[in-house]
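J.: Structure: model_34.txt, compact mmCIF, C-alpha atoms.
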```txt
# COMPACT_ATOMS: atom_id res chain seq x y z
CA MET A 1 -70.09 60.07 -21.35
CA GLN A 2 -69.54 58.48 -24.74
CA LYS A 3 -72.73 57.77 -26.65
CA THR A 4 -73.86 54.21 -27.23
CA ASP A 5 -76.48 52.76 -29.56
CA TYR A 6 -78.47 51.48 -26.59
CA ASP A 7 -78.53 51.69 -22.81
CA ALA A 8 -79.15 47.96 -22.57
CA ILE A 9 -78.98 45.01 -24.90
CA ILE A 10 -80.80 41.85 -23.93
CA ILE A 11 -79.59 38.66 -25.59
CA GLY A 12 -82.51 36.26 -25.93
CA ALA A 13 -86.23 36.98 -26.31
CA GLY A 14 -87.69 34.25 -24.13
CA PRO A 15 -89.76 35.00 -21.01
CA ALA A 16 -86.71 36.29 -19.07
CA GLY A 17 -85.47 38.55 -21.86
CA LEU A 18 -88.90 39.91 -22.74
CA THR A 19 -89.68 40.70 -19.10
CA ALA A 20 -86.34 42.46 -18.75
CA GLY A 21 -87.25 44.40 -21.90
CA ILE A 22 -90.61 45.47 -20.48
CA TYR A 23 -89.02 46.72 -17.24
CA LEU A 24 -86.06 48.47 -18.89
CA ALA A 25 -88.22 50.15 -21.51
CA ARG A 26 -90.61 51.35 -18.81
CA ALA A 27 -87.60 52.77 -16.96
CA ARG A 28 -86.98 54.73 -20.19
CA GLU A 29 -83.73 52.98 -20.89
CA LYS A 30 -83.18 52.56 -24.63
CA THR A 31 -83.32 48.81 -24.99
CA LEU A 32 -82.71 46.26 -27.72
CA ILE A 33 -83.59 42.57 -27.51
CA ILE A 34 -81.95 40.23 -29.98
CA ASP A 35 -82.83 36.60 -30.65
CA GLU A 36 -81.45 33.87 -32.86
CA GLY A 37 -84.92 32.51 -33.51
CA THR A 38 -88.32 34.16 -33.55
CA GLY A 39 -88.24 34.79 -29.81
CA GLY A 40 -90.37 33.20 -27.14
CA GLY A 41 -87.75 30.63 -26.24
CA GLN A 42 -88.82 27.26 -24.93
CA LEU A 43 -92.16 28.77 -23.94
CA LYS A 44 -93.08 29.01 -27.60
CA LEU A 45 -92.61 25.26 -28.04
CA THR A 46 -94.83 24.39 -25.08
CA HIS A 47 -98.30 23.58 -26.27
CA LEU A 48 -100.18 24.57 -23.12
CA ILE A 49 -99.37 26.74 -20.09
CA GLU A 50 -101.58 26.28 -17.04
CA ASN A 51 -99.30 27.26 -14.18
CA TYR A 52 -98.51 30.90 -14.98
CA PRO A 53 -100.47 33.02 -12.50
CA GLY A 54 -103.17 35.14 -14.07
CA VAL A 55 -103.39 32.88 -17.08
CA LEU A 56 -105.88 30.03 -16.82
CA SER A 57 -104.82 28.10 -19.87
CA LEU A 58 -103.02 29.41 -22.91
CA SER A 59 -100.71 28.06 -25.58
CA GLY A 60 -97.06 28.85 -24.96
CA LYS A 61 -96.93 30.62 -28.28
CA GLU A 62 -99.80 32.97 -27.37
CA LEU A 63 -98.26 33.80 -24.01
CA ALA A 64 -94.86 34.43 -25.62
CA ASP A 65 -96.40 36.58 -28.37
CA THR A 66 -98.26 38.65 -25.76
CA MET A 67 -95.06 39.24 -23.79
CA ARG A 68 -93.40 40.36 -27.00
CA GLU A 69 -96.26 42.73 -27.84
CA GLN A 70 -96.03 44.15 -24.35
CA ALA A 71 -92.29 44.82 -24.67
CA LYS A 72 -92.84 46.45 -28.06
CA ALA A 73 -95.66 48.58 -26.70
CA PHE A 74 -93.12 50.23 -24.37
CA ASP A 75 -90.81 50.95 -27.32
CA CYS A 76 -88.36 48.17 -26.73
CA ASP A 77 -86.60 47.29 -30.01
CA ILE A 78 -86.70 43.59 -30.87
CA ARG A 79 -84.67 41.97 -33.62
CA THR A 80 -85.18 38.29 -34.36
CA SER A 81 -83.35 35.75 -36.55
CA VAL A 82 -80.05 37.47 -35.83
CA GLU A 83 -77.08 35.52 -34.59
CA LEU A 84 -74.66 36.76 -31.96
CA THR A 85 -71.28 36.11 -33.59
CA GLY A 86 -69.01 38.12 -31.31
CA PHE A 87 -68.90 40.49 -28.34
CA ASP A 88 -66.68 42.54 -26.12
CA PHE A 89 -67.93 43.02 -22.56
CA THR A 90 -64.57 43.96 -21.05
CA GLN A 91 -64.96 47.75 -21.39
CA GLU A 92 -67.47 50.13 -19.90
CA ILE A 93 -69.04 50.40 -23.34
CA LYS A 94 -69.96 46.90 -24.36
CA THR A 95 -70.41 45.73 -27.93
CA ILE A 96 -72.05 42.84 -29.68
CA GLU A 97 -71.53 41.66 -33.24
CA LEU A 98 -74.49 40.32 -35.23
CA ASP A 99 -74.19 37.92 -38.17
CA GLU A 100 -70.52 38.87 -38.52
CA GLU A 101 -71.57 42.10 -40.17
CA GLU A 102 -72.84 44.63 -37.64
CA THR A 103 -71.61 45.96 -34.31
CA ILE A 104 -73.95 47.47 -31.72
CA SER A 105 -72.94 49.13 -28.46
CA ALA A 106 -74.61 49.46 -25.08
CA ARG A 107 -73.74 50.28 -21.50
CA SER A 108 -75.21 47.15 -20.05
CA ILE A 109 -76.00 43.61 -21.16
CA ILE A 110 -78.52 41.04 -19.98
CA ILE A 111 -77.82 37.49 -21.07
CA ALA A 112 -81.08 35.53 -21.28
CA VAL A 113 -80.24 32.98 -23.93
CA GLY A 114 -81.90 30.04 -22.18
CA GLY A 115 -81.16 26.49 -23.15
CA ILE A 116 -80.93 24.11 -26.05
CA PRO A 117 -82.44 20.61 -25.95
CA ARG A 118 -80.18 18.08 -24.30
CA MET A 119 -79.24 15.13 -26.49
CA LEU A 120 -78.90 11.59 -25.18
CA GLY A 121 -75.32 11.46 -26.44
CA ILE A 122 -75.56 8.17 -28.29
CA PRO A 123 -73.55 8.29 -31.56
CA SER A 124 -76.47 7.12 -33.72
CA GLU A 125 -78.64 9.94 -32.35
CA LYS A 126 -76.92 12.46 -34.63
CA LYS A 127 -77.36 10.20 -37.64
CA PHE A 128 -81.13 10.00 -37.19
CA LYS A 129 -81.75 13.59 -36.08
CA GLY A 130 -84.40 14.76 -38.54
CA ARG A 131 -84.60 11.22 -39.90
CA GLY A 132 -86.90 9.90 -37.20
CA ILE A 133 -85.57 11.67 -34.11
CA SER A 134 -87.13 14.96 -33.06
CA TYR A 135 -86.91 17.39 -30.17
CA CYS A 136 -90.02 19.46 -30.95
CA ALA A 137 -93.54 18.03 -30.78
CA THR A 138 -95.31 21.08 -32.19
CA CYS A 139 -92.93 21.17 -35.17
CA ASP A 140 -92.94 17.50 -36.06
CA GLY A 141 -95.95 15.87 -34.41
CA ASP A 142 -98.04 15.72 -37.57
CA PHE A 143 -95.23 13.98 -39.49
CA PHE A 144 -96.26 10.95 -37.50
CA LYS A 145 -100.00 10.97 -38.14
CA GLY A 146 -101.35 7.50 -37.35
CA LYS A 147 -97.88 6.20 -36.50
CA ASP A 148 -96.35 4.67 -33.39
CA VAL A 149 -93.77 6.79 -31.64
CA ILE A 150 -91.57 6.71 -28.56
CA THR A 151 -90.88 9.60 -26.25
CA ILE A 152 -87.88 9.56 -23.97
CA GLY A 153 -87.81 11.27 -20.59
CA GLY A 154 -89.69 11.50 -17.31
CA GLY A 155 -90.01 15.20 -16.62
CA ASN A 156 -92.84 17.63 -17.29
CA SER A 157 -91.93 18.16 -20.94
CA ALA A 158 -91.75 14.43 -21.70
CA LEU A 159 -95.16 13.70 -20.21
CA GLU A 160 -96.96 16.82 -21.40
CA GLU A 161 -95.61 16.60 -24.93
CA SER A 162 -96.51 12.89 -25.05
CA VAL A 163 -100.12 13.82 -24.32
CA TYR A 164 -99.94 16.48 -27.05
CA LEU A 165 -98.56 13.94 -29.54
CA THR A 166 -101.59 11.67 -29.05
CA ARG A 167 -103.56 14.20 -31.14
CA PHE A 168 -101.68 12.91 -34.18
CA VAL A 169 -100.17 9.51 -33.53
CA ASN A 170 -101.61 6.06 -33.05
CA SER A 171 -99.59 5.35 -29.93
CA VAL A 172 -96.90 6.83 -27.69
CA THR A 173 -94.56 4.67 -25.64
CA ILE A 174 -92.79 6.64 -22.94
CA ILE A 175 -89.39 5.19 -22.13
CA HIS A 176 -87.84 6.38 -18.91
CA GLN A 177 -84.68 5.31 -17.11
CA PHE A 178 -86.20 5.28 -13.61
CA ASP A 179 -89.33 3.68 -12.18
CA TYR A 180 -90.68 7.08 -11.10
CA PHE A 181 -91.25 10.38 -12.89
CA GLN A 182 -89.74 13.77 -12.07
CA ALA A 183 -92.84 15.47 -13.48
CA TYR A 184 -95.61 17.04 -11.41
CA ALA A 185 -98.54 14.90 -10.30
CA ALA A 186 -100.93 16.63 -12.73
CA ALA A 187 -98.74 15.80 -15.73
CA ILE A 188 -98.31 12.19 -14.63
CA GLU A 189 -102.07 11.78 -14.14
CA ASP A 190 -102.86 13.17 -17.58
CA ALA A 191 -100.39 10.82 -19.25
CA LYS A 192 -101.55 7.77 -17.30
CA LYS A 193 -105.20 8.22 -18.11
CA ASN A 194 -104.53 8.65 -21.85
CA SER A 195 -105.37 5.37 -23.60
CA LYS A 196 -102.83 5.96 -26.38
CA ILE A 197 -99.92 6.16 -23.94
CA SER A 198 -98.01 3.23 -22.48
CA PHE A 199 -94.86 3.14 -20.36
CA ILE A 200 -91.59 1.25 -20.33
CA LEU A 201 -89.76 2.13 -17.13
CA ASN A 202 -86.29 1.35 -15.77
CA THR A 203 -85.13 1.39 -19.34
CA LYS A 204 -82.44 3.18 -21.32
CA ILE A 205 -81.89 3.61 -25.04
CA LYS A 206 -78.76 1.79 -26.20
CA GLU A 207 -78.89 2.44 -29.92
CA PHE A 208 -81.00 3.90 -32.71
CA LEU A 209 -81.27 1.61 -35.73
CA GLY A 210 -82.46 1.89 -39.32
CA GLU A 211 -81.26 2.21 -42.89
CA ASN A 212 -82.13 5.64 -44.19
CA THR A 213 -84.60 6.53 -41.45
CA LEU A 214 -85.04 5.28 -37.92
CA ASP A 215 -87.16 2.14 -37.61
CA LYS A 216 -86.22 0.60 -34.29
CA VAL A 217 -84.42 1.19 -31.03
CA LEU A 218 -82.30 -1.06 -28.88
CA ILE A 219 -83.33 -0.74 -25.24
CA GLU A 220 -81.76 -1.97 -22.04
CA ASN A 221 -83.54 -2.72 -18.80
CA THR A 222 -81.47 -0.95 -16.15
CA VAL A 223 -82.44 -3.49 -13.46
CA THR A 224 -82.06 -6.82 -15.27
CA GLY A 225 -79.60 -5.68 -17.95
CA GLU A 226 -81.80 -7.36 -20.54
CA ILE A 227 -81.48 -5.89 -24.04
CA SER A 228 -84.35 -5.92 -26.52
CA GLU A 229 -85.48 -4.34 -29.77
CA LEU A 230 -88.49 -2.12 -30.17
CA LYS A 231 -89.93 -1.13 -33.55
CA THR A 232 -90.97 2.49 -33.93
CA ASP A 233 -91.78 5.14 -36.51
CA GLY A 234 -90.16 7.96 -34.60
CA VAL A 235 -88.59 9.08 -31.34
CA PHE A 236 -89.12 12.35 -29.48
CA ILE A 237 -86.47 13.21 -26.91
CA PHE A 238 -87.39 15.44 -23.95
CA ILE A 239 -84.62 15.06 -21.41
CA GLY A 240 -84.13 18.64 -20.44
CA TYR A 241 -82.04 21.51 -21.67
CA LEU A 242 -78.42 22.58 -21.60
CA PRO A 243 -77.45 26.23 -21.16
CA ASN A 244 -76.82 27.85 -24.53
CA THR A 245 -73.60 29.48 -23.35
CA LYS A 246 -70.86 28.09 -25.60
CA ILE A 247 -70.03 31.50 -27.05
CA PHE A 248 -69.51 33.02 -23.56
CA LYS A 249 -67.16 30.32 -22.32
CA GLY A 250 -63.91 31.78 -20.99
CA HIS A 251 -65.42 35.28 -20.92
CA ILE A 252 -68.00 35.00 -18.16
CA ASP A 253 -67.84 32.84 -15.03
CA MET A 254 -69.84 29.62 -15.34
CA ASN A 255 -70.20 26.42 -13.40
CA GLU A 256 -69.27 23.01 -14.80
CA ALA A 257 -72.68 22.60 -16.38
CA GLY A 258 -72.12 25.80 -18.38
CA GLU A 259 -74.64 27.82 -16.38
CA ILE A 260 -73.66 31.45 -15.87
CA ILE A 261 -72.96 32.12 -12.23
CA ALA A 262 -75.30 34.87 -11.10
CA GLY A 263 -76.81 35.44 -7.69
CA GLU A 264 -79.99 36.92 -6.36
CA ASN A 265 -79.46 40.20 -8.24
CA MET A 266 -78.55 38.45 -11.51
CA GLU A 267 -75.07 40.05 -11.53
CA THR A 268 -72.31 38.15 -13.27
CA ASN A 269 -68.60 38.55 -12.57
CA ILE A 270 -68.50 41.38 -15.13
CA LYS A 271 -69.85 44.75 -14.06
CA GLY A 272 -72.84 45.78 -16.13
CA VAL A 273 -73.44 42.25 -17.41
CA PHE A 274 -76.38 40.35 -15.96
CA ALA A 275 -77.79 36.86 -16.52
CA ALA A 276 -81.46 35.90 -16.22
CA GLY A 277 -83.65 32.87 -16.74
CA ASP A 278 -82.67 29.28 -17.48
CA VAL A 279 -79.15 30.31 -18.45
CA ARG A 280 -78.05 31.07 -14.90
CA THR A 281 -77.25 28.87 -11.94
CA LYS A 282 -80.48 27.88 -10.24
CA LYS A 283 -82.50 24.86 -9.37
CA TYR A 284 -86.05 25.52 -10.56
CA ARG A 285 -86.72 26.45 -14.15
CA GLN A 286 -90.25 27.61 -14.85
CA VAL A 287 -91.79 30.38 -16.95
CA VAL A 288 -92.60 32.27 -13.77
CA THR A 289 -89.05 31.99 -12.40
CA ALA A 290 -87.69 33.16 -15.75
CA THR A 291 -89.91 36.25 -15.81
CA SER A 292 -88.96 36.93 -12.20
CA ASP A 293 -85.27 36.77 -13.10
CA GLY A 294 -85.88 39.08 -16.04
CA CYS A 295 -87.52 41.66 -13.80
CA ILE A 296 -84.70 41.56 -11.24
CA ALA A 297 -82.00 41.74 -13.92
CA ALA A 298 -83.70 44.79 -15.43
CA LEU A 299 -83.99 46.55 -12.07
CA ALA A 300 -80.35 45.79 -11.29
CA ALA A 301 -79.32 46.99 -14.75
CA THR A 302 -81.33 50.19 -14.33
CA GLU A 303 -79.57 50.84 -11.04
CA TYR A 304 -76.21 50.15 -12.65
CA LEU A 305 -77.03 52.50 -15.53
CA SER A 306 -77.98 55.28 -13.14
CA GLY A 307 -74.63 54.89 -11.41
CA ASN A 308 -76.22 53.94 -8.10
CA SER A 309 -75.14 50.34 -8.02
CA GLY A 310 -73.43 50.80 -4.68
CA GLU A 311 -70.06 50.06 -6.24
CA LEU A 312 -67.63 52.23 -8.12
CA MET B 1 -83.73 40.67 -65.76
CA ILE B 2 -85.44 43.87 -64.77
CA ASN B 3 -84.39 45.31 -61.48
CA GLN B 4 -87.40 45.16 -59.25
CA GLU B 5 -88.06 47.34 -56.25
CA VAL B 6 -90.00 44.63 -54.48
CA ARG B 7 -87.89 41.75 -53.32
CA VAL B 8 -88.85 38.51 -54.96
CA SER B 9 -89.40 35.97 -52.21
CA VAL B 10 -87.58 32.66 -52.21
CA LYS B 11 -88.68 30.18 -54.87
CA GLN B 12 -91.09 27.42 -53.86
CA THR B 13 -91.20 23.96 -55.35
CA ASN B 14 -93.34 20.84 -54.93
CA ALA B 15 -93.07 17.09 -55.46
CA ASN B 16 -93.95 17.40 -59.17
CA ASP B 17 -91.27 19.97 -59.91
CA PHE B 18 -88.64 18.56 -57.57
CA GLU B 19 -86.73 16.82 -60.38
CA LYS B 20 -86.69 19.91 -62.57
CA ASP B 21 -86.04 22.50 -59.83
CA VAL B 22 -83.62 20.62 -57.62
CA ILE B 23 -82.07 17.57 -59.27
CA ASN B 24 -81.63 19.11 -62.72
CA ASN B 25 -80.71 22.58 -61.50
CA SER B 26 -77.45 23.79 -63.03
CA ASN B 27 -76.59 25.58 -59.77
CA PRO B 28 -76.10 23.97 -56.36
CA VAL B 29 -79.35 24.00 -54.38
CA VAL B 30 -80.23 24.56 -50.73
CA LEU B 31 -83.67 23.00 -50.15
CA ASP B 32 -85.74 23.92 -47.08
CA PHE B 33 -88.45 21.52 -45.94
CA TYR B 34 -90.70 23.61 -43.71
CA SER B 35 -93.99 23.17 -41.88
CA ALA B 36 -96.82 25.20 -40.45
CA GLU B 37 -96.82 25.82 -36.66
CA CYS B 38 -93.06 25.50 -36.51
CA PRO B 39 -91.21 28.33 -34.69
CA PRO B 40 -87.74 27.22 -35.87
CA CYS B 41 -89.07 27.26 -39.47
CA GLU B 42 -90.24 30.85 -38.98
CA ALA B 43 -86.86 31.71 -37.51
CA LEU B 44 -85.06 30.26 -40.49
CA ALA B 45 -87.11 32.09 -43.15
CA PRO B 46 -85.42 35.54 -42.92
CA LYS B 47 -81.96 33.94 -42.75
CA PHE B 48 -82.80 31.92 -45.85
CA GLU B 49 -83.93 35.07 -47.67
CA SER B 50 -80.82 37.02 -46.76
CA LEU B 51 -78.56 34.16 -47.87
CA GLU B 52 -80.52 33.94 -51.13
CA GLU B 53 -79.74 37.59 -51.75
CA GLN B 54 -76.08 37.10 -50.87
CA TYR B 55 -75.53 34.08 -53.13
CA ARG B 56 -77.93 34.97 -55.95
CA GLY B 57 -76.72 33.58 -59.29
CA LYS B 58 -74.42 31.07 -57.63
CA ILE B 59 -76.71 29.05 -55.36
CA GLU B 60 -80.43 28.38 -55.63
CA PHE B 61 -82.47 28.64 -52.45
CA ILE B 62 -85.72 26.72 -52.73
CA LYS B 63 -88.46 26.03 -50.18
CA ILE B 64 -90.88 23.12 -50.09
CA PHE B 65 -93.95 22.92 -47.84
CA ARG B 66 -93.76 19.56 -46.14
CA GLN B 67 -97.47 19.12 -45.33
CA GLU B 68 -98.32 19.21 -49.04
CA ASN B 69 -95.42 17.04 -50.13
CA ARG B 70 -95.48 14.26 -47.56
CA GLU B 71 -94.54 11.43 -49.90
CA LEU B 72 -91.46 13.21 -51.18
CA ALA B 73 -90.43 14.04 -47.60
CA GLN B 74 -90.86 10.42 -46.68
CA LYS B 75 -88.91 9.25 -49.70
CA LEU B 76 -86.04 11.55 -48.78
CA GLY B 77 -86.20 10.46 -45.14
CA VAL B 78 -87.13 13.93 -43.91
CA THR B 79 -89.09 13.67 -40.65
CA SER B 80 -88.44 16.97 -38.98
CA SER B 81 -88.95 20.65 -39.73
CA PRO B 82 -87.10 22.60 -40.74
CA THR B 83 -84.66 20.36 -42.59
CA LEU B 84 -82.13 21.80 -45.02
CA LEU B 85 -80.79 19.54 -47.77
CA PHE B 86 -77.87 20.50 -49.99
CA PHE B 87 -77.61 19.41 -53.63
CA LYS B 88 -74.74 19.67 -56.09
CA ASN B 89 -74.95 18.26 -59.63
CA GLY B 90 -78.20 16.54 -58.72
CA LYS B 91 -76.76 14.68 -55.75
CA GLU B 92 -77.32 15.37 -52.08
CA VAL B 93 -74.08 16.47 -50.44
CA GLY B 94 -72.94 17.58 -46.97
CA GLN B 95 -74.73 17.08 -43.72
CA ARG B 96 -78.41 17.90 -43.36
CA LEU B 97 -79.27 20.67 -40.94
CA ASN B 98 -82.42 20.68 -38.87
CA GLY B 99 -84.07 22.24 -35.85
CA ASP B 100 -82.61 25.56 -34.74
CA ILE B 101 -80.33 26.34 -37.64
CA LYS B 102 -77.72 29.09 -37.47
CA LYS B 103 -76.97 31.24 -40.49
CA SER B 104 -73.27 30.56 -39.97
CA GLU B 105 -73.86 26.79 -40.20
CA ILE B 106 -75.55 27.17 -43.58
CA LYS B 107 -72.79 29.47 -44.81
CA GLU B 108 -70.16 26.96 -43.78
CA ILE B 109 -71.71 24.19 -45.88
CA ILE B 110 -72.22 26.57 -48.81
CA GLU B 111 -68.60 27.72 -48.74
CA ASN B 112 -66.97 24.36 -48.00
CA THR B 113 -69.16 21.95 -49.91
CA LEU B 114 -71.36 23.68 -52.49
CA LEU B 115 -68.92 26.25 -53.82
CA ASN B 116 -65.85 24.09 -53.53
```
Translate the structure described by the file into structure tokens.

T.:
Amino acid sequence: MQKTDYDAIIIGAGPAGLTAGIYLARAREKTLIIDEGTGGGQLKLTHLIENYPGVLSLSGKELADTMREQAKAFDCDIRTSVELTGFDFTQEIKTIELDEEETISARSIIIAVGGIPRMLGIPSEKKFKGRGISYCATCDGDFFKGKDVITIGGGNSALEESVYLTRFVNSVTIIHQFDYFQAYAAAIEDAKKNSKISFILNTKIKEFLGENTLDKVLIENTVTGEISELKTDGVFIFIGYLPNTKIFKGHIDMNEAGEIIAGENMETNIKGVFAAGDVRTKKYRQVVTATSDGCIAALAATEYLSGNSGEL
Amino acid sequence: MINQEVRVSVKQTNANDFEKDVINNSNPVVLDFYSAECPPCEALAPKFESLEEQYRGKIEFIKIFRQENRELAQKLGVTSSPTLLFFKNGKEVGQRLNGDIKKSEIKEIIENTLLN
């Protein structure tokens, strides 16, 4: 068999990728994890994790860093701040290209690239991105010390990050398009009992307004159709994530949402290529479901590498 | 300049030296507003350093710590970290980049706007 640089390359160092790395490295498969950022994925941007079994309460960053240490401890190579600029998965020996300057080969691939924050899709959103609109509370929260901000969304991230933002800001107004929240009861309770947080429900953002930086939003009541203006110092948008799969389009089977189609064993339509975590087709996206995916993908990859995948 | 073994890290500026370092720089400048406790800022740092090496002599890569230069950030309308601003002949040009920034996106603006 022709020699490759690695047995397995994992693309993405979030919870799914790191777990896959731990399992593959423990199976003594030579494994590389690459990541565009510093690794840790969305977990790293979550200020507190309280629903990961075995962990009472820990910052997302600490949990992510521990997973990374664990993968490294089993001799898994991890390279961060490298960009996947090309790949060829069509042959038995698969290659990836990093930063347009380096090619690395492996016999199997696990795609665990996760998601990127979903944008509202209003034209003025792009204009004010970084000029009053943010998608990361831990990065930008203290920009708004003593200010009044809006958060948009009704899921766990929107409510939990709103509570986090109250450490810095004077007030948070949560704007949500429905009159109910998709978040868990615990997150809703915490937001409701916080005196700095108020709610505007059944309401959508129509437009972001301002000269150089954002200073107000145009909102529309989805029931009455009434349009009004709301002054603000900043807006945080937490309306979910989109799969980060643009580069794989046309090469790997995906659904309309851009999620890679992979079943219970994380196999994609290409032999030796697996998908794990938020990037694949599934309904529930949690840290624990991502790590579970990562484990399964690694076990399936190990079986594939040993030639016992049940297929020829 | 003496060839040094140790790599000189990317130049830092502050509000006081902004005029001198950025506006009056004879080379085009890529300015990085960064913060503490900011994973995408950490992710950008090594890309910024490698681009600095690649374009040394042609483009200046300068970092500015946002928490210590709040007023300047506010004046420039920077509210998010990291934010990259591009300057040519003392004027801001091109689109700002922020959040998760790809090396290829920075290169594109350098090649198409700063070096053109």

J.: Find the spatial neighbours of segment 9-13 of chain B, counting all atoms listed in the file, within a cut-off of 9 Å - ignore same-chain residues fewer than 4 positions away - and output them as a list in words.

T.: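 My reading of the contact set: Asp17, Phe18, Asp21, Val22, Phe48, Glu49, Glu52, Glu60, Phe61, Ile62, Lys63, Ile64 and Phe65 of chain B.
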
J.: Provide the atom CA of Ala20 of chain A to atom CA of Ala298 of chain A distance in Å, to one decimal place.

T.: 4.8 Å

J.: Mind giving me the straight-line distance from atom CA of Lys196 of chain A to atom CA of Ile237 of chain A in Å, one decimal?

T.: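 So the answer is 17.9 Å.
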
J.: Go through chain A residue by residue and, counting all atoms listed in the file, keep those with an atom at most 10 Å from chain B; for each kept residue give the shortest atom pair and its distance in Å to one decimal, ordered by chain and increasing number, as a tab-separated table.

T.:
```
residue	atom	partner	partner_atom	distance
A:Asp35	CA	B:Ala43	CA	9.3
A:Glu36	CA	B:Ala43	CA	7.5
A:Gly37	CA	B:Ala43	CA	4.5
A:Thr38	CA	B:Ala43	CA	4.9
A:Gly39	CA	B:Ala43	CA	8.4
A:Gly40	CA	B:Pro39	CA	9.0
A:Gly41	CA	B:Pro39	CA	9.4
A:Lys44	CA	B:Pro39	CA	7.4
A:Leu45	CA	B:Pro39	CA	7.5
A:Lys61	CA	B:Pro39	CA	8.9
A:Thr80	CA	B:Ala43	CA	7.5
A:Ser81	CA	B:Ala43	CA	5.4
A:Val82	CA	B:Lys47	CA	8.0
A:Glu83	CA	B:Lys102	CA	7.1
A:Leu84	CA	B:Lys102	CA	9.9
A:Thr85	CA	B:Ser104	CA	8.7
A:Asp99	CA	B:Lys103	CA	7.6
A:Glu100	CA	B:Ser104	CA	8.9
A:Ile116	CA	B:Asp100	CA	9.0
A:Lys127	CA	B:Gln95	CA	9.6
A:Phe128	CA	B:Thr79	CA	9.4
A:Lys129	CA	B:Asn98	CA	7.6
A:Gly130	CA	B:Ser80	CA	4.6
A:Arg131	CA	B:Thr79	CA	5.2
A:Gly132	CA	B:Thr79	CA	5.6
A:Ile133	CA	B:Thr79	CA	7.7
A:Ser134	CA	B:Ser80	CA	6.4
A:Tyr135	CA	B:Gly99	CA	8.0
A:Cys136	CA	B:Gly99	CA	8.2
A:Ala137	CA	B:Cys38	CA	9.4
A:Thr138	CA	B:Cys38	CA	6.6
A:Cys139	CA	B:Cys38	CA	4.5
A:Asp140	CA	B:Ser80	CA	5.4
A:Gly141	CA	B:Ser80	CA	8.9
A:Asp142	CA	B:Gln67	CA	8.5
A:Phe143	CA	B:Thr79	CA	6.3
A:Phe144	CA	B:Thr79	CA	8.3
A:Glu211	CA	B:Gly77	CA	9.9
A:Asn212	CA	B:Gly77	CA	6.4
A:Thr213	CA	B:Gly77	CA	5.6
A:Leu214	CA	B:Gly77	CA	9.0
A:Asp233	CA	B:Thr79	CA	9.9
A:Gly234	CA	B:Thr79	CA	8.4
```

J.: Here's a test: counting only C-alpha atoms, identify every protein, DNA and RNA residue with an atom at most 12 Å from (-73.3, 30.3, -47.1) in the file's coordinate frame, and state them as a ChimeraX atom specification.

T.: /A:99 /B:28-30,47-56,58-61,86,102-116

J.: Compare A:Pro15, A:Glu69, A:Ala112, A:Gly154 by their minimum atom-to-atom distance to Tyr52 of chain A, counting only C-alpha atoms, and give me the closest one.

T.: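 Going through A:Pro15, A:Glu69, A:Ala112, A:Gly154 one by one, the smallest distance to Tyr52 of chain A is for A:Pro15.
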
J.: Which distance in Å separates atom CA of Val149 of chain A and atom CA of Phe236 of chain A, to one decimal?

T.: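 We find that atom CA of Val149 of chain A and atom CA of Phe236 of chain A lie 7.6 Å from each other.
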
J.: Counting all atoms listed in the file, what is within 9 Å of Ile109 of chain A, bar same-chain residues fewer than 3 positions away, as a list in words?

T.: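 The filter keeps Asp7, Ala8, Ile9, Ile10, Ile11, Phe89, Lys94, Ala106, Gly272, Val273, Phe274, Ala275 and Ala301 of chain A.
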
J.: Considering only C-alpha atoms, state which residue in the set A:Thr203, A:Thr289, A:Ser124, A:Ser59 is at the smallest distance from Asp179 of chain A.

T.: A:Thr203

J.: Excluding same-chain residues fewer than 3 positions from Ala276 of chain A, what lies within 10 Å of it counting all atoms listed in the file, as a PyMOL selection string?

T.: chain A and resi 10-12+15-17+19-20+110-114+260+262-263+265-268+279-281+289-298

J.: Based on the selection just made, write C-alpha atoms of those residues as a compact mmCIF listing (two decimals), in the coordinates of the input.

T.:
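See again-v5.txt below for the written result:
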```txt
# COMPACT_ATOMS: atom_id res chain seq x y z
CA ILE A 10 -80.80 41.85 -23.93
CA ILE A 11 -79.59 38.66 -25.59
CA GLY A 12 -82.51 36.26 -25.93
CA PRO A 15 -89.76 35.00 -21.01
CA ALA A 16 -86.71 36.29 -19.07
CA GLY A 17 -85.47 38.55 -21.86
CA THR A 19 -89.68 40.70 -19.10
CA ALA A 20 -86.34 42.46 -18.75
CA ILE A 110 -78.52 41.04 -19.98
CA ILE A 111 -77.82 37.49 -21.07
CA ALA A 112 -81.08 35.53 -21.28
CA VAL A 113 -80.24 32.98 -23.93
CA GLY A 114 -81.90 30.04 -22.18
CA ILE A 260 -73.66 31.45 -15.87
CA ALA A 262 -75.30 34.87 -11.10
CA GLY A 263 -76.81 35.44 -7.69
CA ASN A 265 -79.46 40.20 -8.24
CA MET A 266 -78.55 38.45 -11.51
CA GLU A 267 -75.07 40.05 -11.53
CA THR A 268 -72.31 38.15 -13.27
CA VAL A 279 -79.15 30.31 -18.45
CA ARG A 280 -78.05 31.07 -14.90
CA THR A 281 -77.25 28.87 -11.94
CA THR A 289 -89.05 31.99 -12.40
CA ALA A 290 -87.69 33.16 -15.75
CA THR A 291 -89.91 36.25 -15.81
CA SER A 292 -88.96 36.93 -12.20
CA ASP A 293 -85.27 36.77 -13.10
CA GLY A 294 -85.88 39.08 -16.04
CA CYS A 295 -87.52 41.66 -13.80
CA ILE A 296 -84.70 41.56 -11.24
CA ALA A 297 -82.00 41.74 -13.92
CA ALA A 298 -83.70 44.79 -15.43
```

J.: Point out the residue among A:Ser228, A:Ser108, A:Thr90, A:Thr95 with the least atom-to-atom distance to His251 of chain A, counting all atoms listed in the file.

T.: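 Closest candidate: A:Thr90.
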